[in-house]
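Peer 1: work_11.pdb is reproduced in full below (PDB, C-alpha atoms).
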ATOM      1  CA  MET A 797    -123.764-169.486-176.303
ATOM      2  CA  ASN A 798    -121.973-172.813-175.831
ATOM      3  CA  LYS A 799    -119.931-172.156-178.999
ATOM      4  CA  LEU A 800    -118.898-168.777-177.613
ATOM      5  CA  LEU A 801    -117.788-170.326-174.319
ATOM      6  CA  LEU A 802    -115.833-172.992-176.183
ATOM      7  CA  SER A 803    -114.133-170.331-178.295
ATOM      8  CA  ILE A 804    -113.159-168.348-175.204
ATOM      9  CA  ALA A 805    -111.841-171.487-173.531
ATOM     10  CA  PHE A 806    -109.808-172.336-176.630
ATOM     11  CA  ILE A 807    -108.267-168.856-176.716
ATOM     12  CA  LEU A 808    -107.384-169.024-173.018
ATOM     13  CA  CYS A 809    -105.773-172.440-173.493
ATOM     14  CA  ALA A 810    -103.785-171.140-176.461
ATOM     15  CA  ILE A 811    -102.552-168.146-174.466
ATOM     16  CA  ASN A 812    -101.627-170.401-171.549
ATOM     17  CA  SER A 813     -99.725-172.800-173.812
ATOM     18  CA  PHE A 814     -97.923-169.895-175.464
ATOM     19  CA  SER A 815     -96.973-168.396-172.111
ATOM     20  CA  GLN A 816     -95.515-171.728-171.014
ATOM     21  CA  ALA A 817     -93.476-172.000-174.208
ATOM     22  CA  LYS A 818     -92.004-168.495-173.974
ATOM     23  CA  LYS A 819     -90.496-166.727-170.992
ATOM     24  CA  ARG A 820     -88.856-163.329-171.189
ATOM     25  CA  LYS A 821     -86.903-161.356-168.658
ATOM     26  CA  ALA A 822     -84.916-158.131-168.411
ATOM     27  CA  VAL A 823     -81.163-158.415-167.856
ATOM     28  CA  SER A 824     -78.392-155.889-167.423
ATOM     29  CA  VAL A 825     -75.966-155.406-170.308
ATOM     30  CA  ILE A 826     -74.091-152.358-168.963
ATOM     31  CA  LYS A 827     -74.772-151.302-165.402
ATOM     32  CA  GLN A 828     -75.299-147.579-164.834
ATOM     33  CA  GLN A 829     -72.202-145.584-165.752
ATOM     34  CA  THR A 830     -71.612-141.922-164.943
ATOM     35  CA  PHE A 831     -68.798-139.872-166.509
ATOM     36  CA  TYR A 832     -67.786-136.379-167.549
ATOM     37  CA  LEU A 833     -66.889-135.104-171.025
ATOM     38  CA  ASN A 834     -64.985-131.883-171.649
ATOM     39  CA  GLY A 835     -65.985-129.449-174.351
ATOM     40  CA  GLY A 836     -64.263-130.108-177.657
ATOM     41  CA  PHE A 837     -61.914-127.119-177.391
ATOM     42  CA  ARG A 838     -60.859-127.907-173.825
ATOM     43  CA  ALA A 839     -60.309-131.589-174.553
ATOM     44  CA  GLY A 840     -57.052-130.581-176.236
ATOM     45  CA  PHE A 841     -55.738-129.476-172.846
ATOM     46  CA  GLY A 842     -56.639-132.642-170.959
ATOM     47  CA  GLY A 843     -59.697-134.821-170.518
ATOM     48  CA  LYS A 844     -61.780-135.996-173.437
ATOM     49  CA  SER A 845     -64.883-134.962-175.327
ATOM     50  CA  ARG A 846     -65.751-138.450-176.639
ATOM     51  CA  VAL A 847     -65.902-141.947-175.211
ATOM     52  CA  TYR A 848     -67.308-145.353-176.177
ATOM     53  CA  TYR A 849     -68.385-148.514-174.352
ATOM     54  CA  GLU A 850     -68.728-152.111-175.501
ATOM     55  CA  VAL A 851     -72.293-153.457-175.797
ATOM     56  CA  LYS A 852     -72.170-157.254-175.893
ATOM     57  CA  LEU A 853     -75.713-158.500-176.400
ATOM     58  CA  PRO A 854     -76.598-161.655-174.449
ATOM     59  CA  PRO A 855     -77.821-164.818-176.223
ATOM     60  CA  ASN A 856     -81.493-164.880-177.198
ATOM     61  CA  THR A 857     -81.915-161.120-177.001
ATOM     62  CA  VAL A 858     -85.246-160.118-178.552
ATOM     63  CA  GLU A 859     -84.905-156.358-178.021
ATOM     64  CA  TRP A 860     -82.776-153.993-175.959
ATOM     65  CA  TYR A 861     -82.695-150.468-174.595
ATOM     66  CA  TYR A 862     -80.323-147.757-173.570
ATOM     67  CA  THR A 863     -81.240-144.829-171.359
ATOM     68  CA  VAL A 864     -79.313-141.566-171.033
ATOM     69  CA  THR A 865     -79.544-138.428-168.943
ATOM     70  CA  THR A 866     -77.220-135.423-168.743
ATOM     71  CA  PHE A 867     -76.334-132.945-166.017
ATOM     72  CA  GLU A 868     -74.102-130.047-165.020
ATOM     73  CA  GLY A 869     -71.528-130.203-162.262
ATOM     74  CA  ASP A 870     -71.254-133.146-159.879
ATOM     75  CA  LYS A 871     -74.203-135.455-159.316
ATOM     76  CA  THR A 872     -74.284-138.677-157.344
ATOM     77  CA  ASP A 873     -78.025-139.184-156.802
ATOM     78  CA  ILE A 874     -79.046-140.247-160.328
ATOM     79  CA  ASN A 875     -80.834-143.602-160.434
ATOM     80  CA  LEU A 876     -81.785-144.783-163.930
ATOM     81  CA  ASN A 877     -83.014-148.233-162.782
ATOM     82  CA  LEU A 878     -83.577-149.424-166.344
ATOM     83  CA  VAL A 879     -83.624-153.155-165.521
ATOM     84  CA  GLY A 880     -86.056-152.574-162.677
ATOM     85  CA  GLN A 881     -88.378-150.501-164.840
ATOM     86  CA  LEU A 882     -88.333-153.064-167.660
ATOM     87  CA  THR A 883     -89.056-155.866-165.196
ATOM     88  CA  ARG A 884     -92.051-153.936-163.883
ATOM     89  CA  VAL A 885     -93.680-153.402-167.306
ATOM     90  CA  LEU A 886     -92.526-156.614-169.034
ATOM     91  CA  ASP A 887     -95.033-159.264-170.071
ATOM     92  CA  PRO A 888     -93.001-162.492-169.630
ATOM     93  CA  THR A 889     -94.879-164.198-172.479
ATOM     94  CA  GLY A 890     -93.984-161.516-175.008
ATOM     95  CA  LEU A 891     -97.624-161.222-176.086
ATOM     96  CA  ILE A 892     -97.807-157.576-175.022
ATOM     97  CA  SER A 893     -95.182-155.114-176.272
ATOM     98  CA  ILE A 894     -93.397-152.823-173.863
ATOM     99  CA  ALA A 895     -94.695-149.261-173.989
ATOM    100  CA  THR A 896     -91.599-147.070-173.919
ATOM    101  CA  GLN A 897     -93.651-144.161-172.592
ATOM    102  CA  ALA A 898     -94.051-146.169-169.379
ATOM    103  CA  LEU A 899     -90.279-145.955-168.842
ATOM    104  CA  LEU A 900     -88.930-142.861-167.120
ATOM    105  CA  THR A 901     -85.590-141.058-167.314
ATOM    106  CA  PRO A 902     -84.447-138.313-164.936
ATOM    107  CA  PRO A 903     -84.597-134.951-166.766
ATOM    108  CA  GLY A 904     -81.345-133.765-168.321
ATOM    109  CA  SER A 905     -79.900-130.275-168.591
ATOM    110  CA  LYS A 906     -77.269-130.536-171.353
ATOM    111  CA  SER A 907     -77.096-132.064-174.827
ATOM    112  CA  CYS A 908     -75.020-135.024-175.971
ATOM    113  CA  ASP A 909     -74.722-137.113-179.131
ATOM    114  CA  VAL A 910     -75.040-140.908-178.979
ATOM    115  CA  TYR A 911     -74.018-143.358-181.738
ATOM    116  CA  LEU A 912     -74.010-147.147-182.131
ATOM    117  CA  MET A 913     -71.086-148.493-184.177
ATOM    118  CA  ASP A 914     -68.810-151.432-184.837
ATOM    119  CA  LEU A 915     -65.318-151.398-183.331
ATOM    120  CA  ASP A 916     -63.481-149.861-186.284
ATOM    121  CA  ASN A 917     -65.906-146.965-186.498
ATOM    122  CA  ALA A 918     -65.911-146.544-182.721
ATOM    123  CA  LYS A 919     -62.154-146.048-182.864
ATOM    124  CA  ALA A 920     -62.527-143.597-185.750
ATOM    125  CA  PHE A 921     -65.208-141.768-183.763
ATOM    126  CA  TYR A 922     -63.002-141.576-180.665
ATOM    127  CA  ASN A 923     -60.055-140.296-182.712
ATOM    128  CA  LYS A 924     -62.279-137.591-184.265
ATOM    129  CA  ALA A 925     -61.986-138.860-187.822
ATOM    130  CA  ASP A 926     -64.792-136.491-188.819
ATOM    131  CA  GLN A 927     -62.583-133.536-187.870
ATOM    132  CA  ASN A 928     -59.477-134.871-189.614
ATOM    133  CA  GLY A 929     -60.565-135.257-193.214
ATOM    134  CA  SER A 930     -62.216-138.660-192.757
ATOM    135  CA  THR A 931     -65.434-139.905-191.177
ATOM    136  CA  PHE A 932     -67.054-142.599-189.065
ATOM    137  CA  TYR A 933     -70.235-144.553-189.716
ATOM    138  CA  TYR A 934     -72.993-145.518-187.302
ATOM    139  CA  LEU A 935     -76.219-147.471-187.471
ATOM    140  CA  ARG A 936     -79.107-145.276-188.490
ATOM    141  CA  GLY A 937     -82.150-145.341-186.261
ATOM    142  CA  THR A 938     -80.127-146.157-183.144
ATOM    143  CA  ALA A 939     -78.396-142.791-182.754
ATOM    144  CA  ARG A 940     -79.565-139.630-181.032
ATOM    145  CA  GLU A 941     -78.085-136.154-181.431
ATOM    146  CA  ASN A 942     -78.610-133.221-179.060
ATOM    147  CA  LEU A 943     -80.129-135.631-176.534
ATOM    148  CA  ARG A 944     -80.780-134.327-173.028
ATOM    149  CA  GLU A 945     -82.511-137.420-171.689
ATOM    150  CA  GLY A 946     -84.393-140.373-173.081
ATOM    151  CA  ILE A 947     -84.771-144.100-173.630
ATOM    152  CA  VAL A 948     -84.013-145.717-176.999
ATOM    153  CA  GLN A 949     -85.540-149.077-177.937
ATOM    154  CA  ILE A 950     -83.727-151.276-180.483
ATOM    155  CA  LYS A 951     -85.474-154.272-182.049
ATOM    156  CA  ASP A 952     -83.702-154.953-185.340
ATOM    157  CA  ILE A 953     -80.229-155.625-183.907
ATOM    158  CA  THR A 954     -80.378-158.422-181.350
ATOM    159  CA  SER A 955     -77.062-160.237-181.542
ATOM    160  CA  GLY A 956     -73.359-159.486-181.659
ATOM    161  CA  THR A 957     -71.071-156.892-180.119
ATOM    162  CA  TYR A 958     -71.383-153.175-180.777
ATOM    163  CA  TYR A 959     -70.045-149.970-179.292
ATOM    164  CA  ILE A 960     -72.058-147.066-177.968
ATOM    165  CA  GLY A 961     -70.260-143.744-178.356
ATOM    166  CA  PHE A 962     -70.964-140.468-176.562
ATOM    167  CA  ARG A 963     -69.901-137.045-177.791
ATOM    168  CA  ASN A 964     -70.106-133.634-176.174
ATOM    169  CA  PRO A 965     -71.197-131.368-179.056
ATOM    170  CA  SER A 966     -70.271-128.223-177.133
ATOM    171  CA  GLY A 967     -66.916-126.649-177.834
ATOM    172  CA  ALA A 968     -66.521-124.950-174.471
ATOM    173  CA  GLN A 969     -68.892-126.391-171.859
ATOM    174  CA  GLY A 970     -68.411-129.721-170.134
ATOM    175  CA  ILE A 971     -71.196-132.224-169.596
ATOM    176  CA  GLY A 972     -71.997-135.026-167.171
ATOM    177  CA  ILE A 973     -73.637-138.178-168.563
ATOM    178  CA  SER A 974     -75.269-141.197-166.939
ATOM    179  CA  PHE A 975     -76.402-144.157-169.020
ATOM    180  CA  GLU A 976     -77.473-147.775-168.680
ATOM    181  CA  VAL A 977     -78.072-150.624-171.159
ATOM    182  CA  ALA A 978     -80.475-153.540-170.653
ATOM    183  CA  ALA A 979     -81.869-156.336-172.830
ATOM    184  CA  ILE A 980     -84.984-158.468-172.957
ATOM    185  CA  VAL A 981     -83.950-162.100-173.408
ATOM    186  CA  GLU A 982     -86.082-165.134-174.155
ATOM    187  CA  GLU A 983     -85.617-168.639-172.875
ATOM    188  CA  VAL A 984     -85.307-171.151-175.704
ATOM    189  CA  SER A 985     -87.660-174.139-175.502
ATOM    190  CA  SER A 986     -86.246-177.655-175.521
ATOM    191  CA  ASP A 987     -88.049-178.370-178.825
ATOM    192  CA  ALA A 988     -86.375-175.380-180.472
ATOM    193  CA  GLN A 989     -82.993-176.552-179.230
ATOM    194  CA  LYS A 990     -83.708-180.053-180.520
ATOM    195  CA  ALA A 991     -84.586-178.715-183.973
ATOM    196  CA  VAL A 992     -81.324-176.765-184.149
ATOM    197  CA  LEU A 993     -79.374-179.885-183.137
ATOM    198  CA  TYR A 994     -80.976-181.896-185.950
ATOM    199  CA  GLY A 995     -80.225-179.061-188.357
ATOM    200  CA  ASN A 996     -76.579-178.963-187.269
ATOM    201  CA  MET A 997     -76.263-182.729-187.571
ATOM    202  CA  GLY A 998     -77.671-182.494-191.069
ATOM    203  CA  TRP A 999     -75.084-179.899-192.054
ATOM    204  CA  ASN A1000     -72.287-182.056-190.623
ATOM    205  CA  ALA A1001     -73.573-184.918-192.761
ATOM    206  CA  TYR A1002     -73.425-182.624-195.798
ATOM    207  CA  LEU A1003     -69.834-181.639-195.001
ATOM    208  CA  SER A1004     -68.891-185.310-194.827
ATOM    209  CA  GLY A1005     -70.414-185.841-198.282
ATOM    210  CA  ASN A1006     -73.572-187.690-197.198
ATOM    211  CA  ILE A1007     -76.237-185.709-199.055
ATOM    212  CA  GLU A1008     -79.094-188.134-198.356
ATOM    213  CA  LYS A1009     -78.388-188.105-194.610
ATOM    214  CA  CYS A1010     -78.324-184.318-194.650
ATOM    215  CA  ILE A1011     -81.766-184.297-196.281
ATOM    216  CA  GLU A1012     -83.128-186.787-193.741
ATOM    217  CA  LEU A1013     -81.862-184.884-190.685
ATOM    218  CA  SER A1014     -82.788-181.463-192.078
ATOM    219  CA  GLN A1015     -86.345-182.561-192.775
ATOM    220  CA  LYS A1016     -86.490-183.964-189.235
ATOM    221  CA  ALA A1017     -85.468-180.526-187.917
ATOM    222  CA  LEU A1018     -88.255-178.871-189.900
ATOM    223  CA  THR A1019     -90.885-181.232-188.519
ATOM    224  CA  ILE A1020     -90.014-179.810-185.080
ATOM    225  CA  ASP A1021     -89.545-176.180-186.117
ATOM    226  CA  SER A1022     -90.753-175.247-189.586
ATOM    227  CA  THR A1023     -89.326-171.697-189.390
ATOM    228  CA  LEU A1024     -85.628-172.584-189.657
ATOM    229  CA  GLY A1025     -84.764-170.780-192.857
ATOM    230  CA  TYR A1026     -81.115-171.786-192.876
ATOM    231  CA  VAL A1027     -82.115-175.470-192.720
ATOM    232  CA  LYS A1028     -84.380-174.973-195.741
ATOM    233  CA  ALA A1029     -81.447-173.355-197.552
ATOM    234  CA  ASN A1030     -79.318-176.404-196.703
ATOM    235  CA  LEU A1031     -82.011-178.617-198.227
ATOM    236  CA  GLY A1032     -82.084-176.379-201.287
ATOM    237  CA  LEU A1033     -78.349-176.906-201.703
ATOM    238  CA  CYS A1034     -78.730-180.679-201.409
ATOM    239  CA  TYR A1035     -81.371-180.722-204.128
ATOM    240  CA  LEU A1036     -79.241-178.492-206.365
ATOM    241  CA  ILE A1037     -76.509-181.108-206.085
ATOM    242  CA  LYS A1038     -79.062-183.830-206.894
ATOM    243  CA  ASN A1039     -80.036-181.803-210.017
ATOM    244  CA  GLU A1040     -83.610-181.419-208.751
ATOM    245  CA  GLU A1041     -83.786-177.736-209.624
ATOM    246  CA  SER A1042     -87.504-177.203-209.018
ATOM    247  CA  THR A1043     -87.413-178.683-205.502
ATOM    248  CA  ALA A1044     -84.227-176.762-204.710
ATOM    249  CA  THR A1045     -85.781-173.486-205.841
ATOM    250  CA  ASP A1046     -88.847-174.050-203.662
ATOM    251  CA  TYR A1047     -86.668-174.612-200.596
ATOM    252  CA  TYR A1048     -84.569-171.530-201.311
ATOM    253  CA  ILE A1049     -87.634-169.315-201.794
ATOM    254  CA  ASN A1050     -89.163-170.549-198.540
ATOM    255  CA  ALA A1051     -85.817-170.156-196.787
ATOM    256  CA  LEU A1052     -85.519-166.543-197.915
ATOM    257  CA  ASP A1053     -89.015-165.795-196.659
ATOM    258  CA  ASP A1054     -88.160-167.214-193.207
ATOM    259  CA  ILE A1055     -84.802-165.443-193.038
ATOM    260  CA  LYS A1056     -86.327-162.057-193.872
ATOM    261  CA  LYS A1057     -88.850-162.489-191.045
ATOM    262  CA  LEU A1058     -86.059-162.482-188.472
ATOM    263  CA  GLN A1059     -85.874-159.270-186.455
ATOM    264  CA  ASP A1060     -82.111-159.198-186.104
ATOM    265  CA  LYS A1061     -80.582-157.576-189.197
ATOM    266  CA  PRO A1062     -76.992-158.752-188.550
ATOM    267  CA  THR A1063     -78.300-162.331-188.386
ATOM    268  CA  ILE A1064     -80.213-161.850-191.631
ATOM    269  CA  LYS A1065     -77.021-160.588-193.255
ATOM    270  CA  LYS A1066     -75.086-163.552-191.886
ATOM    271  CA  TYR A1067     -77.555-166.119-193.238
ATOM    272  CA  LEU A1068     -77.757-164.488-196.675
ATOM    273  CA  THR A1069     -73.967-164.334-196.877
ATOM    274  CA  GLU A1070     -73.576-167.967-195.814
ATOM    275  CA  VAL A1071     -76.147-169.189-198.363
ATOM    276  CA  ILE A1072     -74.216-167.503-201.182
ATOM    277  CA  LYS A1073     -70.902-168.852-199.886
ATOM    278  CA  ASP A1074     -72.274-172.401-199.635
ATOM    279  CA  ILE A1075     -73.484-172.276-203.243
ATOM    280  CA  ASN A1076     -70.086-171.010-204.400
ATOM    281  CA  ASP A1077     -68.289-173.758-202.451
ATOM    282  CA  ALA A1078     -70.588-176.413-203.876
ATOM    283  CA  ALA A1079     -70.117-175.078-207.426
ATOM    284  CA  ALA A1080     -66.369-175.527-207.031
ATOM    285  CA  LYS A1081     -66.850-179.123-205.901
ATOM    286  CA  TYR A1082     -69.691-180.422-208.074
ATOM    287  CA  THR A1083     -69.731-180.267-211.861
ATOM    288  CA  SER A1084     -73.289-179.071-212.365
ATOM    289  CA  LEU A1085     -75.595-176.953-210.215
ATOM    290  CA  ASN A1086     -78.466-176.050-212.517
ATOM    291  CA  GLY A1087     -80.341-172.978-211.301
ATOM    292  CA  SER A1088     -77.693-171.928-208.785
ATOM    293  CA  ASN A1089     -76.965-168.615-210.525
ATOM    294  CA  TYR A1090     -80.608-167.542-210.285
ATOM    295  CA  ILE A1091     -80.643-168.382-206.569
ATOM    296  CA  LYS A1092     -77.418-166.470-205.980
ATOM    297  CA  ASP A1093     -78.730-163.429-207.842
ATOM    298  CA  LEU A1094     -81.858-163.471-205.691
ATOM    299  CA  TYR A1095     -79.917-163.679-202.420
ATOM    300  CA  GLU A1096     -77.309-161.124-203.475
ATOM    301  CA  ALA A1097     -80.067-158.636-204.308
ATOM    302  CA  GLU A1098     -81.488-159.088-200.796
ATOM    303  CA  LEU A1099     -78.049-158.845-199.205
ATOM    304  CA  LYS A1100     -77.526-155.303-200.527
ATOM    305  CA  GLN A1101     -80.066-154.034-197.988
ATOM    306  CA  TYR A1102     -77.962-155.240-195.074
ATOM    307  CA  ARG A1103     -74.446-154.126-195.998
ATOM    308  CA  ALA A1104     -74.199-151.740-193.022
ATOM    309  CA  PHE A1105     -74.840-154.408-190.385
ATOM    310  CA  ALA A1106     -71.931-156.273-188.807
ATOM    311  CA  PHE A1107     -72.183-159.868-187.590
TER     312      PHE A1107
END
Please lay out the structure from this file as structure tokens.
Peer 2:
Amino acid sequence: MNKLLLSIAFILCAINSFSQAKKRKAVSVIKQQTFYLNGGFRAGFGGKSRVYYEVKLPPNTVEWYYTVTTFEGDKTDINLNLVGQLTRVLDPTGLISIATQALLTPPGSKSCDVYLMDLDNAKAFYNKADQNGSTFYYLRGTARENLREGIVQIKDITSGTYYIGFRNPSGAQGIGISFEVAAIVEEVSSDAQKAVLYGNMGWNAYLSGNIEKCIELSQKALTIDSTLGYVKANLGLCYLIKNEESTATDYYINALDDIKKLQDKPTIKKYLTEVIKDINDAAAKYTSLNGSNYIKDLYEAELKQYRAFAF
């Protein structure tokens, strides 16, 4: 019985410590917008059948949402209240996931298409490239076609700037649309910030040619936060330069494992790209980097999965 009580107490202490280390809150990214889109045929005589808005994700976003509803005629009483709803159901510690079914959207009456894109494709979308012998590309899993109303949760894209495009699929009938975008952001602990600072100092030492200092500072960063994959990759590069191929390979393998655990796919793409670039730059500077080609092949194979994601 005493062992059971001790176990319960330990679990409660762990939860309490975790909750103190992590704090999450809902913030507005795009306040509620309401607009009207003409049918595609009528757009040629004035008005427009497509539009896009910039979605600039705030720092430390862990997931984000957009909500949409549609209507006929003029409506001024729509209240999406996405931030308020997220605040109501959010567990600040992040231990409990948000149940999207607990979030409500006013019922819609028309259909619209919604796409998430980078800027170039947003412009192509707006200019109707798909009707003029070309096309536009959007991020799969984030789009909705023939949507009347709903809330979309996005977890694998948590940094950068994107563009949310709306299209009226009807040729003749106009449509009213209201939407809102909100994000869940996490406060970064002072220890995590300290680890990043040590990691950055280590990389600056590398750039100045002080390999041993880079190793020292990078290892210091990992004693504070052992999940910093890019720091492990920096150590791998240092040991490649020191011709310690086995140690370098271990760091690169562990780095890749940490990088792939990140939720944000654009960030994963960025780290993979930077690792390959750093190896190429080092190969141009140092005469021998034994094992570097195998590491590059490994990272390039992983990178192929993330070609569609901008950073």
Peer 1: Which residues of range 947-1065 of chain A have any atom within 12 Å of an atom in range 1087-1093 of chain A when counting only C-alpha atoms, and what is the closest pair of atoms for each, with the distance in Å to one decimal? Order the rows by chain and rising number and write it as JSON lines.
Peer 2:
{"residue": "A:Ala1029", "atom": "CA", "partner": "A:Ile1091", "partner_atom": "CA", "distance": 10.3}
{"residue": "A:Gly1032", "atom": "CA", "partner": "A:Ile1091", "partner_atom": "CA", "distance": 9.7}
{"residue": "A:Leu1033", "atom": "CA", "partner": "A:Ser1088", "partner_atom": "CA", "distance": 8.7}
{"residue": "A:Cys1034", "atom": "CA", "partner": "A:Ser1088", "partner_atom": "CA", "distance": 11.5}
{"residue": "A:Tyr1035", "atom": "CA", "partner": "A:Gly1087", "partner_atom": "CA", "distance": 10.6}
{"residue": "A:Leu1036", "atom": "CA", "partner": "A:Ser1088", "partner_atom": "CA", "distance": 7.2}
{"residue": "A:Ile1037", "atom": "CA", "partner": "A:Ser1088", "partner_atom": "CA", "distance": 9.6}
{"residue": "A:Lys1038", "atom": "CA", "partner": "A:Gly1087", "partner_atom": "CA", "distance": 11.8}
{"residue": "A:Asn1039", "atom": "CA", "partner": "A:Gly1087", "partner_atom": "CA", "distance": 8.9}
{"residue": "A:Glu1040", "atom": "CA", "partner": "A:Gly1087", "partner_atom": "CA", "distance": 9.4}
{"residue": "A:Glu1041", "atom": "CA", "partner": "A:Gly1087", "partner_atom": "CA", "distance": 6.1}
{"residue": "A:Ser1042", "atom": "CA", "partner": "A:Gly1087", "partner_atom": "CA", "distance": 8.6}
{"residue": "A:Thr1043", "atom": "CA", "partner": "A:Gly1087", "partner_atom": "CA", "distance": 10.8}
{"residue": "A:Ala1044", "atom": "CA", "partner": "A:Gly1087", "partner_atom": "CA", "distance": 8.5}
{"residue": "A:Thr1045", "atom": "CA", "partner": "A:Ile1091", "partner_atom": "CA", "distance": 7.3}
{"residue": "A:Asp1046", "atom": "CA", "partner": "A:Ile1091", "partner_atom": "CA", "distance": 10.4}
{"residue": "A:Tyr1047", "atom": "CA", "partner": "A:Ile1091", "partner_atom": "CA", "distance": 10.5}
{"residue": "A:Tyr1048", "atom": "CA", "partner": "A:Ile1091", "partner_atom": "CA", "distance": 7.3}
{"residue": "A:Ile1049", "atom": "CA", "partner": "A:Ile1091", "partner_atom": "CA", "distance": 8.5}
{"residue": "A:Asn1050", "atom": "CA", "partner": "A:Ile1091", "partner_atom": "CA", "distance": 11.9}
{"residue": "A:Ala1051", "atom": "CA", "partner": "A:Ile1091", "partner_atom": "CA", "distance": 11.2}
{"residue": "A:Leu1052", "atom": "CA", "partner": "A:Ile1091", "partner_atom": "CA", "distance": 10.1}
Peer 1: Evaluate the PyMOL selection byres ((chain A and resi 970) around 12) on the structure here and hand back the selected residues as a VMD selection string.
Peer 2: chain A and resid 831 to 839 843 to 846 866 to 870 905 to 908 963 to 969 971 to 973
Peer 1: Please report the interatomic distance between CA of Leu900 in chain A and CA of Leu876 in chain A in Å with one decimal.
Peer 2: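 So the answer is 8.1 Å.
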Peer 1: How close does each residue of range 982-1010 of chain A get to range 1061-1077 of chain A, giving the shortest atom pair and distance in Å to one decimal for every residue with an atom at most 12 Å away, counting all atoms listed in the file, sorted by chain and residue number, as a tab-separated table?
Peer 2:
residue	atom	partner	partner_atom	distance
A:Trp999	CA	A:Asp1074	CA	11.0
A:Tyr1002	CA	A:Asp1074	CA	11.0
A:Leu1003	CA	A:Asp1074	CA	10.6
Peer 1: Neighbouring residues of range 848-852 of chain A were defined as those with any atom within 8 Å, considering only C-alpha atoms; residues of the same chain fewer than 6 positions away were excluded. Please report them as a PyMOL selection string.
Peer 2: chain A and resi 825-826+918+922+956-962+977
Peer 1: At a cut-off of 12 Å, using only C-alpha atoms, what residues contact Asn996 in chain A? Leave out same-chain residues fewer than 6 positions from it and give the result as a CSV table (one decimal) with C-alpha atoms, in the coordinates of the input.
Peer 2:
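Generated output (around.csv):
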chain,number,residue,atom,x,y,z
A,989,GLN,CA,-83.0,-176.6,-179.2
A,990,LYS,CA,-83.7,-180.1,-180.5
A,1002,TYR,CA,-73.4,-182.6,-195.8
A,1003,LEU,CA,-69.8,-181.6,-195.0
A,1009,LYS,CA,-78.4,-188.1,-194.6
A,1010,CYS,CA,-78.3,-184.3,-194.6
A,1011,ILE,CA,-81.8,-184.3,-196.3
A,1013,LEU,CA,-81.9,-184.9,-190.7
A,1014,SER,CA,-82.8,-181.5,-192.1
A,1015,GLN,CA,-86.3,-182.6,-192.8
A,1016,LYS,CA,-86.5,-184.0,-189.2
A,1017,ALA,CA,-85.5,-180.5,-187.9
A,1018,LEU,CA,-88.3,-178.9,-189.9
A,1024,LEU,CA,-85.6,-172.6,-189.7
A,1026,TYR,CA,-81.1,-171.8,-192.9
A,1027,VAL,CA,-82.1,-175.5,-192.7
A,1030,ASN,CA,-79.3,-176.4,-196.7
Peer 1: From the list A:Thr865, A:Ser1022, A:Arg1103, A:Leu1058, which residue is nearest Leu935 in chain A when using all atoms listed in the file?
Peer 2: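 Between A:Thr865, A:Ser1022, A:Arg1103, A:Leu1058, the residue approaching Leu935 in chain A most closely is A:Arg1103.
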Peer 1: So, counting all atoms listed in the file, which residue among A:Gly880, A:Gly995, A:Gly904, A:Pro854 is closest to Lys1028 in chain A?
Peer 2: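 Result for the nearest residue to Lys1028 in chain A: A:Gly995.
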Peer 1: How far is it from CA of Leu853 in chain A to CA of Leu882 in chain A, in Å with one decimal?
Peer 2: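 Atom-to-atom, CA of Leu853 in chain A to CA of Leu882 in chain A, that is 16.3 Å.
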